[in-house]
Amino acid sequence: MADEPLEALEGLTPLEYADTPVMDELAAKSEIGLLHTIPEGMKPGSDTANLSVMGYDPKVYYTGRSPLEALSIGVPMESDDVALRCNLVTLTEEEPYEEKKILDHSSGEISTEDAGILLEALKKELEDEEYRLYLGTSYRHCLIWKHGQVVSLAAPHDHLTEVIGPWLPEDPRLLDMQKKSYEILSKHPINLERKAKGLNMANSCWFWGAGTKPALTSFEEHYHKKGVMISAVDLLKGIAVGAGMKNIIVEGANGGLHTNYEGKARAAVDALLKEGYDFAYIHVEAPDEMGHQGSIERKVQAIQNLDQRVIRIVKEQMDASGEEYRLLILPDHPTPIRVRTHTSDPVPYLLYDSTHQQDRSWHYNEREARESGNDRGKGHEMMGYFLQQPS
């Protein structure tokens, strides 16, 4: 959700420009400021950032992105296995493989149903005793390399519209599998149908995010709170599995712009008010995806959806319950329209306490968070402050 001032929005960020009456109402009664979710020297990934927001120091707990996703989908891993993210991406069609460009890291946010059919075709041709493919969600899938190596691999969303040659795997087997995947997928009936409809084809695998089996400590043991995770993204579900939290699956939640926002909000409130949980983590992927797509209009819409279709529902229902509660709102990292990928800049946070409402003139956005003078520093220390420290 966090971004940079844009000329097309008259110098405002998408968050400043968006109509967000609920977040602005909360900001006037809250502490706002900046938080550094990406430790110095680490890449600004959703993996490191969300570990940080969840209260786990990435420098201690991070072993790679894909192993966290593997946890989520129940992939068996030995201690010396390596998990890799397998994106289904859209590459240009005319050139030799090394000269192609990445058009879309998500293949038009392909459905899990279509992706599953394509993955089955890849399994028949690519799998053996050493390499196994596992279905995830939408374009996000998993490759397990038995007794593998953690190799350096480029994230596709970092190199949109670029020639892929310099970013291809150096490992010969991984490179060969990516090339073969193009041969298999580019002529698959699913993709020919997508092309005929004007949709982006999922015409190649892209491997990245390699890592070994993670070992997170229990969230409940660490913070003495029972928590739930509500997300459509396997990465977040995997963090929850590793942390011993319950994953709540919401029908229609798909990680895209048209996800089931209301369902996520209601699931969080039910967990807190009816099921005896202390903490709910609602993760909404849409602002990030729209940042990757470079769409100002859709990113603004995603932010407005978050305000009206998630935060408003949570606030109204918690207020109506009479329960005391706290609410923390923040992006895990910025995904600026200008670069269409993640950056390490600090993010604006809003911390509301129903028992200690402040009287300020703040609005919730990057500029006013910076002007507040509050800089909470290390991201992984915020969770303890949010859950345990007095107002």
# chains A, B, ... in the order shown; residues from 1 in each chain; ligands from 1

$ residues_around --residues "segment 180-191 of chain A" --least-positions-apart "3" --cutoff "12 Å" --atoms "only C-alpha atoms" --output "VMD selection string"
chain A and resid 86 to 94 96 to 98 100 107 to 108 110 to 111 113 to 127 173 to 177 194 to 207

$ residues_around --residues "Met229 of chain A" --least-positions-apart "5" --cutoff "7 Å" --atoms "only C-alpha atoms" --output "PyMOL selection string"
chain A and resi 237+240+245-248+280-282

$ write_last_selection --atoms "N, CA, C and O atoms" --output "compact mmCIF listing (two decimals), in the first residue's frame"
# COMPACT_ATOMS: atom_id res chain seq x y z
N LYS A 237 0.23 -17.99 4.99
CA LYS A 237 -0.27 -19.22 5.61
C LYS A 237 0.89 -20.05 6.17
O LYS A 237 0.78 -20.66 7.22
N ALA A 240 2.11 -18.69 9.38
CA ALA A 240 1.18 -19.06 10.43
C ALA A 240 1.38 -20.51 10.88
O ALA A 240 1.37 -20.81 12.08
N MET A 245 -0.09 -20.87 14.51
CA MET A 245 -1.36 -20.14 14.48
C MET A 245 -2.35 -20.88 13.59
O MET A 245 -1.97 -21.64 12.71
N LYS A 246 -3.62 -20.62 13.80
CA LYS A 246 -4.67 -21.22 12.97
C LYS A 246 -4.83 -20.43 11.68
O LYS A 246 -4.91 -19.19 11.70
N ASN A 247 -4.87 -21.12 10.53
CA ASN A 247 -5.20 -20.49 9.26
C ASN A 247 -6.70 -20.59 9.05
O ASN A 247 -7.28 -21.68 9.10
N ILE A 248 -7.34 -19.45 8.80
CA ILE A 248 -8.76 -19.43 8.47
C ILE A 248 -8.89 -19.23 6.96
O ILE A 248 -8.43 -18.21 6.42
N ALA A 280 -5.92 -11.42 15.50
CA ALA A 280 -6.19 -11.80 14.11
C ALA A 280 -5.33 -10.96 13.18
O ALA A 280 -5.27 -9.73 13.31
N TYR A 281 -4.65 -11.64 12.27
CA TYR A 281 -3.78 -10.98 11.28
C TYR A 281 -4.50 -11.08 9.93
O TYR A 281 -4.64 -12.16 9.37
N ILE A 282 -5.02 -9.95 9.44
CA ILE A 282 -5.70 -9.92 8.15
C ILE A 282 -4.71 -9.40 7.11
O ILE A 282 -4.26 -8.26 7.20

$ closest_residue --among "A:Glu99, A:Glu368, A:Asp19, A:Asp3" --to "Asp332 of chain A" --atoms "only C-alpha atoms"
A:Asp3

$ select_by_dssp --residues "segment 247-380 of chain A" --states "alpha helix (DSSP H)" --output "ChimeraX atom specification"
/A:261-273,286-293,296-306,312-321,366-371

$ residues_around --residues "Leu26 of chain A" --least-positions-apart "3" --cutoff "9 Å" --atoms "only C-alpha atoms" --output "MDAnalysis selection string"
chainID A and resid 21:23 29:30 350:352 357 362:364

$ select_by_dssp --residues "segment 149-264 of chain A" --states "strand (DSSP E)" --output "NGL selection string"
:A and (204-211 or 227-230 or 246-247)

$ residues_around --residues "Ile296 of chain A" --least-positions-apart "2" --cutoff "12 Å" --atoms "only C-alpha atoms" --output "PyMOL selection string"
chain A and resi 1+3-9+12-15+17-18+287-294+298-303+335-338+340

$ residues_around --residues "Gly41 of chain A" --least-positions-apart "5" --cutoff "12 Å" --atoms "only C-alpha atoms" --output "VMD selection string"
chain A and resid 48 58 to 59 344

$ atom_distance --atom1 "atom CA of Leu192 of chain A" --atom2 "atom CA of Gly255 of chain A"
24.6 Å

$ closest_residue --among "A:Ala271, A:Leu153, A:Val284, A:Ala369" --to "Gly209 of chain A" --atoms "only C-alpha atoms"
A:Leu153

$ atom_distance --atom1 "atom CA of Phe219 of chain A" --atom2 "atom CA of Tyr56 of chain A"
9.1 Å

$ atom_distance --atom1 "atom CA of Leu273 of chain A" --atom2 "atom CA of Val310 of chain A"
16.2 Å

$ residues_around --residues "Gly377 of chain A" --least-positions-apart "3" --cutoff "10 Å" --atoms "only C-alpha atoms" --output "JSON, numbers by chain"
{"A": [33, 34, 35, 36, 37, 39, 346, 374, 380, 381, 382]}

$ decode --residues "segment 143-155 of chain A" --atoms "N, CA, C and O atoms" --output "compact mmCIF listing (two decimals), in the first residue's frame"
# COMPACT_ATOMS: atom_id res chain seq x y z
N LEU A 143 8.51 -25.86 -5.96
CA LEU A 143 9.37 -26.94 -6.44
C LEU A 143 10.26 -27.37 -5.27
O LEU A 143 10.91 -26.54 -4.64
N ILE A 144 10.26 -28.66 -4.96
CA ILE A 144 11.15 -29.20 -3.93
C ILE A 144 12.31 -29.92 -4.62
O ILE A 144 12.11 -30.80 -5.46
N TRP A 145 13.51 -29.51 -4.25
CA TRP A 145 14.75 -30.08 -4.79
C TRP A 145 15.37 -30.92 -3.68
O TRP A 145 15.87 -30.40 -2.69
N LYS A 146 15.24 -32.25 -3.80
CA LYS A 146 15.75 -33.16 -2.78
C LYS A 146 17.27 -33.02 -2.64
O LYS A 146 18.00 -33.06 -3.64
N HIS A 147 17.73 -32.85 -1.41
CA HIS A 147 19.17 -32.72 -1.11
C HIS A 147 19.79 -31.63 -2.00
O HIS A 147 20.89 -31.80 -2.53
N GLY A 148 19.07 -30.52 -2.13
CA GLY A 148 19.48 -29.48 -3.08
C GLY A 148 20.43 -28.45 -2.49
O GLY A 148 20.97 -28.61 -1.39
N GLN A 149 20.60 -27.38 -3.25
CA GLN A 149 21.47 -26.28 -2.85
C GLN A 149 20.67 -24.98 -2.87
O GLN A 149 19.82 -24.79 -3.74
N VAL A 150 20.97 -24.11 -1.92
CA VAL A 150 20.35 -22.78 -1.92
C VAL A 150 21.13 -21.91 -2.90
O VAL A 150 22.23 -21.47 -2.62
N VAL A 151 20.54 -21.72 -4.08
CA VAL A 151 21.22 -20.97 -5.14
C VAL A 151 20.57 -19.60 -5.28
O VAL A 151 19.41 -19.39 -4.91
N SER A 152 21.35 -18.66 -5.79
CA SER A 152 20.85 -17.29 -5.97
C SER A 152 19.96 -17.24 -7.21
O SER A 152 20.37 -17.66 -8.30
N LEU A 153 18.74 -16.75 -7.04
CA LEU A 153 17.76 -16.69 -8.13
C LEU A 153 17.04 -15.35 -8.08
O LEU A 153 16.79 -14.81 -7.00
N ALA A 154 16.68 -14.82 -9.24
CA ALA A 154 16.05 -13.50 -9.33
C ALA A 154 14.54 -13.61 -9.24
O ALA A 154 13.93 -14.50 -9.83
N ALA A 155 13.92 -12.68 -8.51
CA ALA A 155 12.46 -12.63 -8.42
C ALA A 155 11.90 -12.02 -9.70
O ALA A 155 12.36 -10.95 -10.13
